[in-house]
>>> print(open('start-v2.txt').read())   # compact mmCIF, C-alpha atoms
# COMPACT_ATOMS: atom_id res chain seq x y z
CA MET D 178 95.76 19.80 -36.27
CA THR D 179 92.39 19.50 -34.63
CA GLY D 180 91.55 15.99 -35.74
CA ARG D 181 88.40 17.27 -37.43
CA ARG D 182 87.77 15.90 -40.86
CA SER D 183 87.24 18.47 -43.50
CA ARG D 184 84.52 18.08 -46.08
CA PRO D 185 85.29 18.46 -49.72
CA PRO D 186 84.14 21.75 -51.14
CA SER D 187 81.38 20.14 -53.09
CA ALA D 188 80.01 18.54 -49.96
CA ARG D 189 79.91 21.67 -47.81
CA ARG D 190 76.50 22.99 -46.89
CA THR D 191 75.48 26.22 -48.55
CA ARG D 192 73.34 28.53 -46.38
CA ARG D 193 70.42 30.15 -48.07
CA PRO D 194 69.71 33.70 -46.95
CA ARG D 195 66.61 33.82 -44.85
CA ARG D 196 63.84 36.02 -46.12
CA ALA D 197 63.32 39.02 -43.87
CA ALA D 198 60.05 39.04 -42.09
CA PRO D 199 57.59 41.73 -43.26
CA ALA D 200 57.84 43.56 -39.92
CA ARG D 201 61.64 43.65 -40.15
CA ARG D 202 61.52 44.97 -43.70
CA ALA D 203 59.13 47.69 -42.60
CA LEU D 204 61.46 48.68 -39.76
CA ARG D 205 64.37 48.99 -42.20
CA VAL D 206 62.28 51.19 -44.50
CA ARG D 207 61.33 53.46 -41.62
CA ARG D 208 64.97 53.74 -40.50
CA ALA D 209 66.10 54.65 -44.02
CA ALA D 210 63.39 57.29 -44.26
CA ALA D 211 64.37 58.76 -40.90
CA LEU D 212 68.04 58.89 -41.93
CA GLY D 213 67.10 60.64 -45.13
CA ALA D 214 65.05 63.21 -43.25
CA LEU D 215 67.89 63.86 -40.79
CA THR D 216 70.36 64.31 -43.64
CA ALA D 217 68.02 66.76 -45.32
CA ALA D 218 67.63 68.70 -42.06
CA LEU D 219 71.39 68.94 -41.60
CA THR D 220 72.16 70.10 -45.11
CA GLY D 221 68.98 71.73 -46.28
CA GLY D 222 67.03 74.89 -45.69
CA CYS D 223 67.23 74.92 -41.89
CA GLY D 224 70.91 75.90 -42.12
CA LEU D 225 72.22 73.51 -39.47
CA LEU D 226 75.55 71.84 -40.19
CA PRO D 227 77.45 68.92 -38.73
CA ALA D 228 80.25 70.08 -36.43
CA GLY D 229 83.47 70.94 -38.21
CA THR D 230 82.00 71.28 -41.69
CA GLY D 231 80.95 74.19 -43.88
CA SER D 232 78.01 74.40 -46.26
CA ASP D 233 80.39 74.43 -49.25
CA GLY D 234 83.25 72.47 -47.71
CA ARG D 235 84.82 75.73 -46.59
CA ALA D 236 87.69 75.66 -44.10
CA PRO D 237 86.98 76.68 -40.50
CA VAL D 238 88.13 80.13 -39.34
CA THR D 239 89.96 80.43 -36.02
CA VAL D 240 90.08 83.58 -33.89
CA MET D 241 91.18 84.39 -30.35
CA THR D 242 89.64 86.45 -27.54
CA TRP D 243 91.72 87.26 -24.47
CA ALA D 244 91.23 89.03 -21.14
CA PRO D 245 92.50 88.79 -17.56
CA GLU D 246 90.23 86.39 -15.65
CA ARG D 247 91.65 85.47 -12.24
CA THR D 248 94.00 88.27 -11.22
CA GLY D 249 92.01 89.94 -8.46
CA ALA D 250 92.45 93.32 -10.16
CA THR D 251 90.70 94.31 -13.38
CA ASP D 252 89.26 91.02 -14.64
CA LYS D 253 87.03 90.66 -17.70
CA PRO D 254 86.00 86.97 -17.80
CA GLY D 255 82.75 87.84 -19.55
CA MET D 256 84.57 88.75 -22.77
CA PRO D 257 86.01 85.30 -23.62
CA ALA D 258 82.81 83.71 -22.30
CA MET D 259 80.74 85.88 -24.63
CA ALA D 260 83.02 84.96 -27.53
CA GLN D 261 82.35 81.27 -26.90
CA ALA D 262 78.60 81.88 -26.78
CA VAL D 263 78.79 83.73 -30.09
CA ALA D 264 80.67 80.80 -31.62
CA ARG D 265 77.96 78.36 -30.51
CA TRP D 266 75.28 80.62 -31.97
CA VAL D 267 77.14 81.16 -35.26
CA ASN D 268 77.87 77.47 -35.78
CA ALA D 269 74.30 76.46 -34.93
CA SER D 270 73.21 78.82 -37.72
CA GLY D 271 75.51 77.48 -40.43
CA GLY D 272 78.75 79.26 -39.59
CA ILE D 273 80.05 82.51 -41.06
CA ASP D 274 79.47 82.38 -44.80
CA GLY D 275 79.82 78.60 -44.58
CA HIS D 276 82.89 78.64 -42.31
CA GLU D 277 82.79 77.01 -38.90
CA LEU D 278 83.93 79.54 -36.27
CA LYS D 279 86.52 78.33 -33.77
CA VAL D 280 87.24 80.58 -30.77
CA LEU D 281 90.40 80.23 -28.69
CA THR D 282 90.61 82.07 -25.37
CA CYS D 283 93.59 83.24 -23.34
CA ASP D 284 94.08 84.75 -19.87
CA ASP D 285 96.74 87.46 -20.17
CA GLY D 286 97.22 87.51 -16.38
CA ASN D 287 97.04 91.32 -16.41
CA ASP D 288 100.78 91.57 -17.05
CA SER D 289 103.02 92.20 -20.05
CA VAL D 290 104.50 88.70 -20.09
CA GLY D 291 101.05 87.10 -20.20
CA ALA D 292 99.84 89.50 -22.89
CA ALA D 293 102.85 88.71 -25.09
CA ALA D 294 102.32 84.97 -24.51
CA CYS D 295 98.69 85.22 -25.64
CA ALA D 296 99.77 87.08 -28.78
CA ARG D 297 102.45 84.51 -29.60
CA ARG D 298 99.91 81.74 -29.18
CA ALA D 299 97.56 83.55 -31.57
CA VAL D 300 100.36 83.61 -34.16
CA ARG D 301 101.18 79.95 -33.55
CA GLU D 302 97.53 78.90 -33.93
CA ASP D 303 97.25 80.86 -37.21
CA VAL D 304 94.23 82.88 -36.11
CA ILE D 305 92.67 85.26 -38.62
CA ALA D 306 92.01 87.94 -35.96
CA VAL D 307 92.02 88.71 -32.26
CA VAL D 308 88.47 89.82 -31.50
CA GLY D 309 86.72 91.61 -28.64
CA SER D 310 89.57 91.46 -26.14
CA TYR D 311 90.93 93.34 -23.10
CA SER D 312 94.52 93.94 -22.08
CA GLN D 313 96.39 96.82 -20.48
CA HIS D 314 99.62 95.88 -22.28
CA GLY D 315 99.29 97.09 -25.84
CA ARG D 316 103.01 97.26 -26.54
CA SER D 317 103.44 93.63 -25.54
CA PHE D 318 100.68 92.09 -27.62
CA LEU D 319 100.51 94.34 -30.68
CA SER D 320 104.09 93.80 -31.87
CA PRO D 321 103.68 90.02 -32.40
CA LEU D 322 100.30 90.57 -34.07
CA GLU D 323 101.69 93.22 -36.40
CA ALA D 324 104.60 90.99 -37.41
CA ALA D 325 102.11 88.26 -38.38
CA ASP D 326 99.64 90.67 -40.03
CA ILE D 327 96.86 89.65 -37.61
CA PRO D 328 94.15 92.30 -37.11
CA TYR D 329 93.06 93.30 -33.61
CA ILE D 330 89.30 93.94 -33.85
CA GLY D 331 87.32 95.65 -31.13
CA GLY D 332 89.72 95.86 -28.23
CA TYR D 333 88.40 97.39 -25.02
CA GLY D 334 90.40 100.53 -25.73
CA VAL D 335 92.31 100.71 -22.47
CA THR D 336 95.70 101.41 -24.13
CA GLY D 337 96.85 104.15 -26.47
CA GLU D 338 98.47 101.62 -28.82
CA GLU D 339 95.01 100.35 -29.79
CA PHE D 340 94.40 103.72 -31.39
CA THR D 341 97.75 103.98 -33.19
CA SER D 342 98.51 100.51 -34.57
CA PRO D 343 97.58 100.05 -38.26
CA LEU D 344 96.39 96.53 -37.37
CA SER D 345 93.93 97.78 -34.74
CA TYR D 346 90.25 98.32 -35.57
CA PRO D 347 88.56 99.90 -32.52
CA VAL D 348 84.77 99.88 -32.24
CA ASN D 349 84.50 102.49 -29.47
CA GLY D 350 86.44 105.46 -28.17
CA GLY D 351 88.17 103.47 -25.44
CA GLN D 352 89.12 104.80 -22.04
CA ALA D 353 90.01 108.12 -23.64
CA ALA D 354 86.45 108.83 -24.74
CA LEU D 355 84.99 107.61 -21.44
CA LEU D 356 87.26 109.83 -19.34
CA ALA D 357 86.89 112.89 -21.53
CA GLY D 358 83.14 112.31 -21.64
CA ASN D 359 83.00 111.88 -17.88
CA GLY D 360 84.81 115.19 -17.53
CA ARG D 361 82.31 116.94 -19.75
CA GLN D 362 79.39 115.34 -17.89
CA LEU D 363 80.73 116.23 -14.44
CA GLY D 364 81.86 119.68 -15.53
CA GLU D 365 78.20 120.55 -15.98
CA GLU D 366 77.08 119.06 -12.64
CA CYS D 367 79.88 119.44 -10.09
CA GLY D 368 82.00 122.06 -8.37
CA ARG D 369 85.35 120.33 -7.81
CA VAL D 370 86.03 116.85 -9.22
CA PHE D 371 88.32 114.26 -7.59
CA LEU D 372 89.64 111.42 -9.77
CA VAL D 373 90.53 108.14 -8.03
CA ARG D 374 92.43 106.06 -10.57
CA PRO D 375 94.97 103.21 -10.71
CA ASP D 376 98.56 104.07 -9.84
CA THR D 377 99.77 102.40 -13.05
CA VAL D 378 101.22 103.48 -16.38
CA ALA D 379 97.77 103.23 -17.98
CA GLY D 380 96.26 105.13 -15.05
CA ASP D 381 98.75 107.99 -15.39
CA ALA D 382 97.07 109.05 -18.65
CA LEU D 383 93.60 109.39 -17.13
CA PRO D 384 93.78 112.81 -15.38
CA LYS D 385 94.72 114.57 -18.63
CA LEU D 386 91.74 113.03 -20.41
CA LEU D 387 89.28 113.89 -17.64
CA ASP D 388 90.63 117.44 -17.52
CA ALA D 389 90.09 117.84 -21.28
CA GLY D 390 86.40 117.16 -20.77
CA LEU D 391 86.19 119.40 -17.72
CA ALA D 392 87.84 122.26 -19.64
CA GLU D 393 85.31 121.97 -22.45
CA ALA D 394 82.54 122.31 -19.87
CA GLY D 395 84.27 125.37 -18.40
CA ALA D 396 85.29 123.63 -15.16
CA ALA D 397 88.58 123.57 -13.25
CA ARG D 398 91.08 120.72 -13.38
CA SER D 399 90.44 117.60 -11.34
CA VAL D 400 92.27 116.60 -8.16
CA ASP D 401 94.33 113.48 -8.94
CA VAL D 402 94.12 110.68 -6.35
CA PRO D 403 96.26 107.67 -7.41
CA ALA D 404 95.37 104.36 -5.74
CA PRO D 405 96.62 100.74 -5.73
CA GLU D 406 94.85 98.81 -8.46
CA SER D 407 94.10 95.72 -6.40
CA ALA D 408 93.71 97.05 -2.84
CA ARG D 409 91.18 95.55 -0.43
CA GLU D 410 90.19 98.96 0.95
CA TYR D 411 90.79 102.59 0.04
CA MET D 412 90.44 104.47 3.32
CA ALA D 413 93.43 106.74 2.67
CA GLN D 414 92.02 107.85 -0.68
CA ALA D 415 88.48 108.26 0.69
CA GLU D 416 89.71 110.38 3.60
CA ARG D 417 91.76 112.55 1.26
CA VAL D 418 88.64 113.40 -0.74
CA LEU D 419 86.44 113.99 2.30
CA ALA D 420 89.06 116.04 4.16
CA ALA D 421 89.45 118.55 1.32
CA ALA D 422 87.80 121.91 1.83
CA PRO D 423 84.60 122.43 -0.18
CA SER D 424 85.11 124.21 -3.46
CA GLY D 425 82.68 126.96 -2.57
CA SER D 426 80.66 126.38 -5.71
CA ALA D 427 76.89 126.24 -5.61
CA ARG D 428 77.22 122.83 -7.20
CA PRO D 429 78.29 119.81 -5.09
CA ASP D 430 81.79 118.38 -5.24
CA CYS D 431 82.07 115.01 -6.98
CA VAL D 432 84.42 112.04 -6.87
CA THR D 433 84.76 109.78 -9.88
CA ALA D 434 86.48 106.43 -9.48
CA VAL D 435 87.93 104.52 -12.44
CA LEU D 436 89.34 101.37 -10.83
CA GLY D 437 87.75 98.62 -12.91
CA ASP D 438 86.54 95.78 -10.69
CA ARG D 439 87.83 97.66 -7.62
CA THR D 440 85.54 100.64 -8.20
CA ASP D 441 82.90 99.16 -5.91
CA THR D 442 85.57 98.48 -3.28
CA PHE D 443 86.49 102.16 -3.28
CA PHE D 444 82.88 103.35 -3.07
CA ASP D 445 82.16 100.91 -0.23
CA THR D 446 85.10 102.37 1.69
CA PHE D 447 84.05 105.90 0.72
CA ARG D 448 80.49 105.35 1.95
CA ARG D 449 81.71 104.13 5.35
CA ALA D 450 84.10 107.07 5.70
CA ARG D 451 81.38 109.53 4.74
CA ASP D 452 78.92 107.97 7.22
CA ASP D 453 81.48 108.58 9.98
CA GLY D 454 81.01 112.31 9.59
CA GLY D 455 82.41 113.20 6.20
CA ARG D 456 80.85 115.88 4.01
CA GLU D 457 78.45 115.19 1.17
CA VAL D 458 80.20 114.43 -2.13
CA ARG D 459 78.39 113.08 -5.22
CA ILE D 460 79.81 109.95 -6.82
CA ALA D 461 80.50 109.11 -10.46
CA SER D 462 82.28 106.59 -12.65
CA VAL D 463 82.44 105.20 -16.17
CA LEU D 464 80.75 102.10 -17.54
CA GLY D 465 82.90 99.15 -16.58
CA GLY D 466 83.33 100.57 -13.09
CA VAL D 467 79.60 100.95 -12.44
CA ASP D 468 76.97 99.08 -14.43
CA GLN D 469 73.39 97.93 -13.92
CA SER D 470 74.34 94.60 -12.37
CA LEU D 471 76.42 96.39 -9.71
CA VAL D 472 73.55 98.79 -8.97
CA ASP D 473 71.20 95.80 -8.58
CA ARG D 474 73.59 93.90 -6.30
CA THR D 475 74.04 96.86 -3.96
CA GLY D 476 70.39 97.65 -3.32
CA GLY D 477 69.07 99.35 -6.43
CA ALA D 478 67.15 102.54 -5.64
CA ARG D 479 68.02 102.21 -1.93
CA GLY D 480 71.68 101.50 -2.58
CA PRO D 481 74.73 103.78 -2.61
CA TYR D 482 74.68 104.36 -6.38
CA GLU D 483 71.32 106.09 -6.56
CA GLY D 484 71.97 109.46 -8.20
CA ALA D 485 75.45 108.50 -9.44
CA TYR D 486 76.70 109.91 -12.75
CA VAL D 487 78.00 107.36 -15.27
CA THR D 488 79.53 107.77 -18.73
CA GLY D 489 79.26 104.90 -21.23
CA TRP D 490 80.03 104.10 -24.87
CA TYR D 491 76.76 102.52 -25.82
CA PRO D 492 73.00 102.74 -25.16
CA VAL D 493 71.90 101.65 -21.68
CA ALA D 494 71.68 97.88 -21.20
CA SER D 495 67.86 97.93 -21.14
CA ASP D 496 67.68 99.47 -24.62
CA ASP D 497 65.88 97.32 -27.21
CA ARG D 498 68.88 97.56 -29.53
CA TRP D 499 70.61 94.97 -27.32
CA ALA D 500 67.79 92.43 -27.85
CA PRO D 501 69.76 90.26 -30.37
CA MET D 502 72.71 90.03 -27.98
CA ARG D 503 70.46 89.16 -25.04
CA ARG D 504 68.81 86.42 -27.09
CA VAL D 505 72.20 84.87 -27.94
CA ILE D 506 73.21 84.99 -24.27
CA ARG D 507 69.94 83.40 -23.20
CA GLU D 508 70.09 80.59 -25.77
CA HIS D 509 73.83 79.91 -26.03
CA ALA D 510 75.57 81.09 -22.84
CA PHE D 511 73.30 78.78 -20.79
CA ASP D 512 73.99 79.26 -17.07
CA ASP D 513 77.41 80.90 -17.47
CA ASN D 514 77.20 83.72 -14.94
CA ARG D 515 80.35 85.34 -16.37
CA VAL D 516 78.26 86.68 -19.26
CA ASP D 517 76.44 89.79 -18.05
CA PRO D 518 74.59 91.72 -20.79
CA ALA D 519 75.09 94.94 -18.82
CA ASP D 520 78.88 94.58 -18.80
CA ALA D 521 80.72 96.95 -21.17
CA GLY D 522 83.27 94.25 -21.99
CA VAL D 523 80.58 91.77 -23.01
CA GLN D 524 78.91 94.45 -25.12
CA THR D 525 82.18 95.32 -26.82
CA THR D 526 82.85 91.67 -27.62
CA TRP D 527 79.40 91.36 -29.19
CA ILE D 528 80.02 94.35 -31.46
CA ALA D 529 83.53 93.15 -32.36
CA TYR D 530 82.17 89.79 -33.51
CA GLU D 531 79.63 91.59 -35.68
CA VAL D 532 82.60 93.22 -37.42
CA LEU D 533 84.30 89.84 -37.81
CA ARG D 534 81.19 88.24 -39.32
CA ARG D 535 80.88 91.02 -41.87
CA ALA D 536 84.58 90.85 -42.74
CA VAL D 537 84.65 87.07 -43.29
CA ALA D 538 81.51 87.26 -45.44
CA GLU D 539 83.09 90.04 -47.48
CA VAL D 540 86.19 87.93 -48.17
CA ASP D 541 83.92 85.24 -49.68
CA ALA D 542 86.57 82.52 -50.12
CA ASP D 543 86.89 78.84 -49.21
CA ARG D 544 89.88 79.66 -47.03
CA VAL D 545 90.16 82.95 -45.13
CA THR D 546 93.49 84.32 -43.86
CA ALA D 547 94.40 87.11 -41.47
CA ARG D 548 95.70 89.11 -44.42
CA ASP D 549 92.31 88.74 -46.16
CA VAL D 550 90.52 90.19 -43.13
CA HIS D 551 93.06 92.99 -42.83
CA ARG D 552 92.57 93.84 -46.51
CA VAL D 553 88.76 94.05 -46.49
CA LEU D 554 88.80 96.20 -43.34
CA ASP D 555 91.27 98.61 -44.92
CA ASP D 556 89.40 98.66 -48.23
CA GLY D 557 86.33 100.29 -46.71
CA LEU D 558 84.14 97.56 -45.21
CA SER D 559 81.18 99.36 -43.64
CA VAL D 560 79.59 97.75 -40.57
CA GLU D 561 76.17 98.64 -39.22
CA THR D 562 75.61 97.60 -35.59
CA GLY D 563 71.87 98.13 -35.27
CA GLY D 564 72.29 101.59 -33.75
CA LEU D 565 74.64 100.49 -30.96
CA THR D 566 77.40 102.56 -32.55
CA PRO D 567 77.66 104.85 -35.56
CA ARG D 568 78.48 103.07 -38.81
CA LEU D 569 81.99 101.64 -38.42
CA ARG D 570 84.55 101.97 -41.22
CA TRP D 571 88.34 102.26 -41.07
CA ARG D 572 89.45 103.84 -44.34
CA PHE D 573 91.92 106.68 -43.96
CA GLU D 574 89.22 109.24 -44.69
CA ASP D 575 86.98 107.74 -41.96
CA LEU D 576 89.54 108.21 -39.16
CA LEU D 577 88.63 111.09 -36.86
CA ALA D 578 92.16 112.48 -36.56
CA ALA D 579 91.90 112.80 -32.79
CA ARG D 580 95.19 113.78 -31.22
CA ASP D 581 97.08 110.73 -29.89
CA HIS D 582 94.27 108.49 -31.24
CA PRO D 583 94.67 108.40 -35.04
CA ARG D 584 92.75 105.10 -35.43
CA LEU D 585 89.64 106.45 -33.69
CA VAL D 586 86.44 106.07 -35.76
CA ASN D 587 83.81 106.27 -33.02
CA ALA D 588 84.08 108.95 -30.34
CA ASP D 589 80.47 108.78 -29.15
CA VAL D 590 79.60 108.49 -25.46
CA THR D 591 76.34 108.47 -23.52
CA PHE D 592 75.62 110.31 -20.28
CA GLN D 593 73.71 108.25 -17.76
CA THR D 594 72.55 108.54 -14.19
CA VAL D 595 71.08 106.07 -11.71
CA ARG D 596 67.41 106.91 -11.20
CA SER D 597 65.09 104.70 -9.17
CA GLY D 598 67.75 102.01 -9.29
CA ARG D 599 68.10 101.98 -13.09
CA LEU D 600 70.85 103.38 -15.29
CA THR D 601 68.99 105.93 -17.39
CA ALA D 602 70.19 107.96 -20.37
CA THR D 603 70.28 111.70 -19.73
CA GLY D 604 70.22 114.53 -22.23
CA THR D 605 69.79 114.08 -25.95
CA GLY D 606 72.98 111.98 -26.56
CA PRO D 607 75.02 110.40 -27.86
CA HIS D 608 77.77 112.98 -27.43
CA ASP D 609 80.61 113.15 -29.96
CA LEU D 610 83.97 113.62 -28.19
CA THR D 611 86.07 114.05 -31.36
CA ARG D 612 86.75 117.73 -30.75
CA THR D 613 87.57 117.14 -27.08
CA LEU D 614 90.07 114.40 -27.92
CA SER D 615 91.59 116.42 -30.75
CA GLY D 616 92.73 119.12 -28.37
CA PRO D 617 93.89 122.61 -29.30
>>> encode(input="start-v2.txt", output="structure tokens")
Amino acid sequence: MTGRRSRPPSARRTRRPRRAAPARRALRVRRAAALGALTAALTGGCGLLPAGTGSDGRAPVTVMTWAPERTGATDKPGMPAMAQAVARWVNASGGIDGHELKVLTCDDGNDSVGAAACARRAVREDVIAVVGSYSQHGRSFLSPLEAADIPYIGGYGVTGEEFTSPLSYPVNGGQAALLAGNGRQLGEECGRVFLVRPDTVAGDALPKLLDAGLAEAGAARSVDVPAPESAREYMAQAERVLAAAPSGSARPDCVTAVLGDRTDTFFDTFRRARDDGGREVRIASVLGGVDQSLVDRTGGARGPYEGAYVTGWYPVASDDRWAPMRRVIREHAFDDNRVDPADAGVQTTWIAYEVLRRAVAEVDADRVTARDVHRVLDDGLSVETGGLTPRLRWRFEDLLAARDHPRLVNADVTFQTVRSGRLTATGTGPHDLTRTLSGP
């Protein structure tokens, strides 16, 4: 009880609504008009969509991109970073066929346990594909993906399993094509070739591939120089190369290093050893070990990589065919310095997401599943990449039947050399390595 006397209902005062002032009414009209214009912009011809929605109420599609990022060995942080930039670009443009694109990333730790954990997470999160990824542990990650019918699109190609699994859809020739191509390139330029490569299971396969290319060029087998994958210096390996007797050929001896992020560490050690009185040996590598950003960081035309031979999968980074990718990086990667347009991993991720976009559009359904993507890829989806690769298609009749690489559909490589501080294409290229990889 408050002690306040209550009025009978009939005696209570009734408030009359106050008439809005003309200025207030005008403000409300302007606000309503602005809201209508914003709604039209979000749902109309500009193609922009509110976050988490599709143009036709279509369900989002979730994918995963993984790579080692903080291991101190072969790290590829630019690949998941590029995937996230692609997602921002795609969603700002209306999604993929009306589907919002969600990208999950995973660091596989550069070991089999981490790779398997990333794959199990992909299954748990119900992704429709793993796209544009890097891992050296194909056996560990492909088994969980195969059991869940999840396609693996555009892996880096560092493991043989990526070219044998029926759920794998490679966009390049992988390490096999690079090494065989490097052998063919160096076989035409060098006397004896030394190969400095990781002392790992994946590294054990590299000499055979390099030698296949050397043999096709009519050159002798390489000298195998295994090395720790994550060493801080490589003096023992450098001295082994420089202490070897010259081949006696009119052409110079060459050393090619395929150590991922440690390639520059080897060549820095090699340069110091050579400056202490070692003989002249030309240097070489494959894209991923040496790229334009590394050449720039080490002095350009006055740096140690001037004149180096490099084998790559794609056109050189300065080629105009990369302009769409560079625009996406500029507008959607912001200041993320992990995303380098000259990095072969970033380039591979870009191409892999082009495949994904085409596959989801081909499914043309409100809800897309991993099995749907698998089906359209197997049924003959043809993907043009603007000249960055040949047309990509994975029907049985499109497979190149390369020995040990039955899923190979693109065996092209480019020969490059560093001239005036720029990676420059040499010869007529691209060079098709199908016959080299097929063997006798």
>>> closest_residue(input="start-v2.txt", among="D:Ala510, D:Gln313, D:Gly564, D:Asn349", to="Thr611 of chain D", atoms="all atoms listed in the file")
D:Asn349
>>> residues_around(input="start-v2.txt", residues="His276 of chain D", least_positions_apart="5", cutoff="7 Å", atoms="only C-alpha atoms", output="MDAnalysis selection string")
chainID D and resid 231 235:238
>>> residues_around(input="start-v2.txt", residues="segment 468-482 of chain D", least_positions_apart="5", cutoff="9 Å", atoms="all atoms listed in the file", output="NGL selection string")
:D and (441 or 444-445 or 448 or 460-461 or 463 or 487 or 493-494 or 517-521 or 595-600)
>>> residues_around(input="start-v2.txt", residues="Thr282 of chain D", least_positions_apart="6", cutoff="7 Å", atoms="all atoms listed in the file", output="short mmCIF file (atom, residue, chain, number, x, y, z; two decimals) with C-alpha atoms, in the coordinates of the input")
data_model
loop_
_atom_site.label_atom_id
_atom_site.label_comp_id
_atom_site.auth_asym_id
_atom_site.auth_seq_id
_atom_site.Cartn_x
_atom_site.Cartn_y
_atom_site.Cartn_z
CA MET D 241 91.18 84.39 -30.35
CA THR D 242 89.64 86.45 -27.54
CA TRP D 243 91.72 87.26 -24.47
CA PRO D 257 86.01 85.30 -23.62
#
>>> residues_near_point(input="start-v2.txt", point="(93.0, 98.7, -31.3)", cutoff="7 Å", atoms="all atoms listed in the file", output="PDB file with C-alpha atoms, keeping the file's coordinate frame")
ATOM      1  CA  TYR D 329      93.060  93.300 -33.610  1.00  0.00           C
ATOM      2  CA  ILE D 330      89.300  93.940 -33.850  1.00  0.00           C
ATOM      3  CA  GLY D 331      87.320  95.650 -31.130  1.00  0.00           C
ATOM      4  CA  GLY D 332      89.720  95.860 -28.230  1.00  0.00           C
ATOM      5  CA  GLY D 334      90.400 100.530 -25.730  1.00  0.00           C
ATOM      6  CA  GLU D 338      98.470 101.620 -28.820  1.00  0.00           C
ATOM      7  CA  GLU D 339      95.010 100.350 -29.790  1.00  0.00           C
ATOM      8  CA  PHE D 340      94.400 103.720 -31.390  1.00  0.00           C
ATOM      9  CA  SER D 342      98.510 100.510 -34.570  1.00  0.00           C
ATOM     10  CA  SER D 345      93.930  97.780 -34.740  1.00  0.00           C
ATOM     11  CA  TYR D 346      90.250  98.320 -35.570  1.00  0.00           C
ATOM     12  CA  PRO D 347      88.560  99.900 -32.520  1.00  0.00           C
TER      13      PRO D 347
END
>>> axis_aligned_box(input="start-v2.txt", around="segment 268-272 of chain D", padding_each_side="5 Å", output="lines of an AutoDock Vina configuration file")
center_x = 76.0
center_y = 77.9
center_z = -37.7
size_x = 15.5
size_y = 12.8
size_z = 15.5
>>> atom_distance(input="start-v2.txt", atom1="atom CA of Arg361 of chain D", atom2="atom CA of Gly425 of chain D")
19.9 Å
>>> residues_around(input="start-v2.txt", residues="Ala296 of chain D", least_positions_apart="4", cutoff="10 Å", atoms="only C-alpha atoms", output="MDAnalysis selection string")
chainID D and resid 241 243 283 285 291:292 300:302 307 317:323 325 327
>>> write_last_selection(input="start-v2.txt", atoms="C-alpha atoms", output="short mmCIF file (atom, residue, chain, number, x, y, z; two decimals), keeping the file's coordinate frame")
data_model
loop_
_atom_site.label_atom_id
_atom_site.label_comp_id
_atom_site.auth_asym_id
_atom_site.auth_seq_id
_atom_site.Cartn_x
_atom_site.Cartn_y
_atom_site.Cartn_z
CA MET D 241 91.18 84.39 -30.35
CA TRP D 243 91.72 87.26 -24.47
CA CYS D 283 93.59 83.24 -23.34
CA ASP D 285 96.74 87.46 -20.17
CA GLY D 291 101.05 87.10 -20.20
CA ALA D 292 99.84 89.50 -22.89
CA VAL D 300 100.36 83.61 -34.16
CA ARG D 301 101.18 79.95 -33.55
CA GLU D 302 97.53 78.90 -33.93
CA VAL D 307 92.02 88.71 -32.26
CA SER D 317 103.44 93.63 -25.54
CA PHE D 318 100.68 92.09 -27.62
CA LEU D 319 100.51 94.34 -30.68
CA SER D 320 104.09 93.80 -31.87
CA PRO D 321 103.68 90.02 -32.40
CA LEU D 322 100.30 90.57 -34.07
CA GLU D 323 101.69 93.22 -36.40
CA ALA D 325 102.11 88.26 -38.38
CA ILE D 327 96.86 89.65 -37.61
#
>>> atom_distance(input="start-v2.txt", atom1="atom CA of Val373 of chain D", atom2="atom CA of Leu436 of chain D")
7.4 Å
>>> atom_distance(input="start-v2.txt", atom1="atom CA of Glu246 of chain D", atom2="atom CA of Ser312 of chain D")
10.8 Å
>>> closest_residue(input="start-v2.txt", among="D:Gly360, D:Gly337, D:Gly271, D:Pro405", to="Ala382 of chain D", atoms="only C-alpha atoms")
D:Gly337
>>> closest_residue(input="start-v2.txt", among="D:Phe592, D:Phe511, D:Tyr530, D:Tyr311", to="Leu363 of chain D", atoms="all atoms listed in the file")
D:Phe592
>>> residues_near_point(input="start-v2.txt", point="(89.2, 106.2, -27.8)", cutoff="8 Å", atoms="all atoms listed in the file", output="list in words")
Gly334, Phe340, Pro347, Asn349, Gly350, Gly351, Gln352, Ala353, Ala354, Leu355, His582, Leu585, Asn587 and Ala588 of chain D
>>> residues_around(input="start-v2.txt", residues="segment 406-413 of chain D", least_positions_apart="5", cutoff="12 Å", atoms="only C-alpha atoms", output="number ranges by chain")
D: 248-252, 287, 373-380, 418-420, 434-451, 453
>>> closest_residue(input="start-v2.txt", among="D:Leu569, D:Val532, D:Ala357, D:Leu383", to="Thr488 of chain D", atoms="all atoms listed in the file")
D:Ala357
>>> closest_residue(input="start-v2.txt", among="D:Asp549, D:Asp556, D:Glu531, D:Glu416", to="Arg568 of chain D", atoms="all atoms listed in the file")
D:Glu531
